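Report on the following structure.
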Amino acid sequence: MIGYVECECMIYDSHSLKDKRSVLQRVLTRTKQKYNVSISEIDFQDTWQHTKFGIVAVSSNKVQTERELQRVLQFIDSFPEIERTVTSFEWF
């Protein structure tokens with residue numbers, strides 16, 4: 001089962017693309033190290049305070065895939081500099 005999540009996030013304390021990149025680099029690196037998912041910024045690359053992540057997990061069943069994706073979303077929510085706004089799931 002392949003699970004795909006798109007989540008839009010706001011980074012309110014970012015005042016430049018450099019600030020945004022430093023936050024994103026920390027989130028992306030730690031997520032990849034801690035969870036068995038693929039994650040990348042997929043939209044709003046030229047906007048200071050707005051981003052969209054694409055996250056993909058693959059496993060043998062939907063329950064396990066969804067559990068892993070929910071853990072990743074909770075992990076992203078644990079960063080105080082990011083607020084998750086819109087999240088959508090797709091299953092393949």
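Starting from 1 in every chain, residues are counted up; chains themselves are A, B, ... following the order of the structure tokens, and ligands are numbered from 1 as listed.
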
Identify, with DSSP run on backbone atoms, the residues in chain A assigned to alpha helix (DSSP H), and express the list as a ChimeraX atom specification.
-> /A:17-34,62-77

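Residues lying within 10 Å of A:Phe75, counting only C-alpha atoms and ignoring same-chain neighbours fewer than 3 positions away, are Val27, Arg30, Thr31, Lys34, Tyr35, Leu69, Gln70, Arg71, Val72, Ser78 and Phe79 of chain A.
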
With N, CA, C and O atoms kept, could you save the residues just selected as a PDB file, in the first residue's frame?
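Saved file selection28.pdb follows:
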ATOM      1  N   VAL A  27      13.738  20.232   9.451  1.00  0.00           N
ATOM      2  CA  VAL A  27      12.562  19.361   9.459  1.00  0.00           C
ATOM      3  C   VAL A  27      12.762  18.169   8.523  1.00  0.00           C
ATOM      4  O   VAL A  27      12.524  17.015   8.895  1.00  0.00           O
ATOM      5  N   ARG A  30      15.649  15.642   9.784  1.00  0.00           N
ATOM      6  CA  ARG A  30      15.254  14.855  10.964  1.00  0.00           C
ATOM      7  C   ARG A  30      14.145  13.860  10.636  1.00  0.00           C
ATOM      8  O   ARG A  30      14.132  12.750  11.165  1.00  0.00           O
ATOM      9  N   THR A  31      13.220  14.256   9.774  1.00  0.00           N
ATOM     10  CA  THR A  31      12.138  13.352   9.390  1.00  0.00           C
ATOM     11  C   THR A  31      12.684  12.146   8.635  1.00  0.00           C
ATOM     12  O   THR A  31      12.322  11.008   8.910  1.00  0.00           O
ATOM     13  N   LYS A  34      14.481   9.771  11.060  1.00  0.00           N
ATOM     14  CA  LYS A  34      13.672   9.122  12.090  1.00  0.00           C
ATOM     15  C   LYS A  34      12.613   8.166  11.536  1.00  0.00           C
ATOM     16  O   LYS A  34      12.272   7.183  12.184  1.00  0.00           O
ATOM     17  N   TYR A  35      12.088   8.448  10.332  1.00  0.00           N
ATOM     18  CA  TYR A  35      10.977   7.672   9.795  1.00  0.00           C
ATOM     19  C   TYR A  35      11.325   7.092   8.429  1.00  0.00           C
ATOM     20  O   TYR A  35      12.141   7.637   7.700  1.00  0.00           O
ATOM     21  N   LEU A  69       2.534   7.520   8.511  1.00  0.00           N
ATOM     22  CA  LEU A  69       2.292   8.888   8.048  1.00  0.00           C
ATOM     23  C   LEU A  69       1.756   9.778   9.174  1.00  0.00           C
ATOM     24  O   LEU A  69       2.131  10.951   9.280  1.00  0.00           O
ATOM     25  N   GLN A  70       0.896   9.231  10.020  1.00  0.00           N
ATOM     26  CA  GLN A  70       0.390  10.014  11.157  1.00  0.00           C
ATOM     27  C   GLN A  70       1.522  10.369  12.124  1.00  0.00           C
ATOM     28  O   GLN A  70       1.554  11.478  12.670  1.00  0.00           O
ATOM     29  N   ARG A  71       2.444   9.453  12.328  1.00  0.00           N
ATOM     30  CA  ARG A  71       3.610   9.742  13.187  1.00  0.00           C
ATOM     31  C   ARG A  71       4.449  10.878  12.602  1.00  0.00           C
ATOM     32  O   ARG A  71       4.930  11.744  13.334  1.00  0.00           O
ATOM     33  N   VAL A  72       4.632  10.849  11.293  1.00  0.00           N
ATOM     34  CA  VAL A  72       5.397  11.912  10.639  1.00  0.00           C
ATOM     35  C   VAL A  72       4.691  13.256  10.804  1.00  0.00           C
ATOM     36  O   VAL A  72       5.328  14.262  11.119  1.00  0.00           O
ATOM     37  N   SER A  78       5.436  18.913  15.995  1.00  0.00           N
ATOM     38  CA  SER A  78       6.236  19.144  17.203  1.00  0.00           C
ATOM     39  C   SER A  78       7.242  20.284  17.035  1.00  0.00           C
ATOM     40  O   SER A  78       7.788  20.760  18.025  1.00  0.00           O
ATOM     41  N   PHE A  79       7.480  20.728  15.814  1.00  0.00           N
ATOM     42  CA  PHE A  79       8.385  21.854  15.596  1.00  0.00           C
ATOM     43  C   PHE A  79       7.628  23.148  15.855  1.00  0.00           C
ATOM     44  O   PHE A  79       6.623  23.427  15.186  1.00  0.00           O
TER      45      PHE A  79
END

Would you mind listing what lies within 12 Å of A:Thr87 as a PyMOL selection string, with only C-alpha atoms counted and same-chain residues fewer than 2 positions away left out?
-> chain A and resi 4-9+52-55+69-70+73+76-77+83-85+89-90

Considering only C-alpha atoms, state which residue in the set A:Leu17, A:Val23, A:Val63, A:Ala57 is at the smallest distance from A:Gln45.
-> A:Leu17

Running DSSP on the backbone, which parts of chain A land in strand (DSSP E), as a PyMOL selection string?
-> chain A and resi 2-10+38-43+50-58+83-91

Within 6 Å of A:Gln49, counting only C-alpha atoms, which residues show up once you throw out same-chain ones fewer than 2 positions away? Write them as a CSV table (one decimal) with all heavy atoms, in the first residue's frame, please.
chain,number,residue,atom,x,y,z
A,10,MET,N,2.8,26.9,7.4
A,10,MET,CA,3.2,28.3,7.6
A,10,MET,C,4.4,28.3,8.5
A,10,MET,O,4.4,27.6,9.5
A,10,MET,CB,2.0,29.1,8.1
A,10,MET,CG,0.8,29.1,7.3
A,10,MET,SD,1.1,29.8,5.6
A,10,MET,CE,1.5,31.5,6.0
A,11,ILE,N,5.3,29.2,8.2
A,11,ILE,CA,6.5,29.4,9.0
A,11,ILE,C,6.5,30.9,9.3
A,11,ILE,O,7.0,31.8,8.6
A,11,ILE,CB,7.8,29.0,8.3
A,11,ILE,CG1,7.7,27.6,7.7
A,11,ILE,CG2,9.0,29.2,9.2
A,11,ILE,CD1,8.8,27.2,6.8
A,12,TYR,N,5.8,31.3,10.4
A,12,TYR,CA,5.5,32.7,10.7
A,12,TYR,C,6.8,33.5,11.0
A,12,TYR,O,6.8,34.7,10.7
A,12,TYR,CB,4.5,32.8,11.8
A,12,TYR,CG,3.2,32.3,11.4
A,12,TYR,CD1,2.7,31.1,12.0
A,12,TYR,CD2,2.4,32.9,10.5
A,12,TYR,CE1,1.4,30.6,11.6
A,12,TYR,CE2,1.2,32.4,10.1
A,12,TYR,CZ,0.7,31.3,10.7
A,12,TYR,OH,-0.6,30.8,10.3
A,14,SER,N,9.7,33.3,9.7
A,14,SER,CA,10.6,33.4,8.6
A,14,SER,C,10.5,34.8,8.0
A,14,SER,O,9.4,35.3,7.6
A,14,SER,CB,10.3,32.3,7.6
A,14,SER,OG,11.1,32.5,6.5
A,47,THR,N,8.3,31.5,-1.7
A,47,THR,CA,7.6,32.2,-0.7
A,47,THR,C,8.2,32.1,0.6
A,47,THR,O,8.6,31.0,1.0
A,47,THR,CB,6.1,31.7,-0.7
A,47,THR,OG1,5.6,31.7,-2.0
A,47,THR,CG2,5.3,32.5,0.3

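Nearest-residue note for A:Thr51: choosing from A:Arg26, A:Arg67, A:Lys32, A:Arg21, the minimum distance belongs to A:Arg21, counting only C-alpha atoms.
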
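For the set A:Ile2, A:Phe92, A:Asp46, A:Ser59, the residue with the smallest atom-to-atom gap to A:Lys20 is A:Asp46, counting only C-alpha atoms.
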
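The interatomic distance for the pair atom CA of A:Glu68 and atom CA of A:Val56 works out to 9.8 Å.
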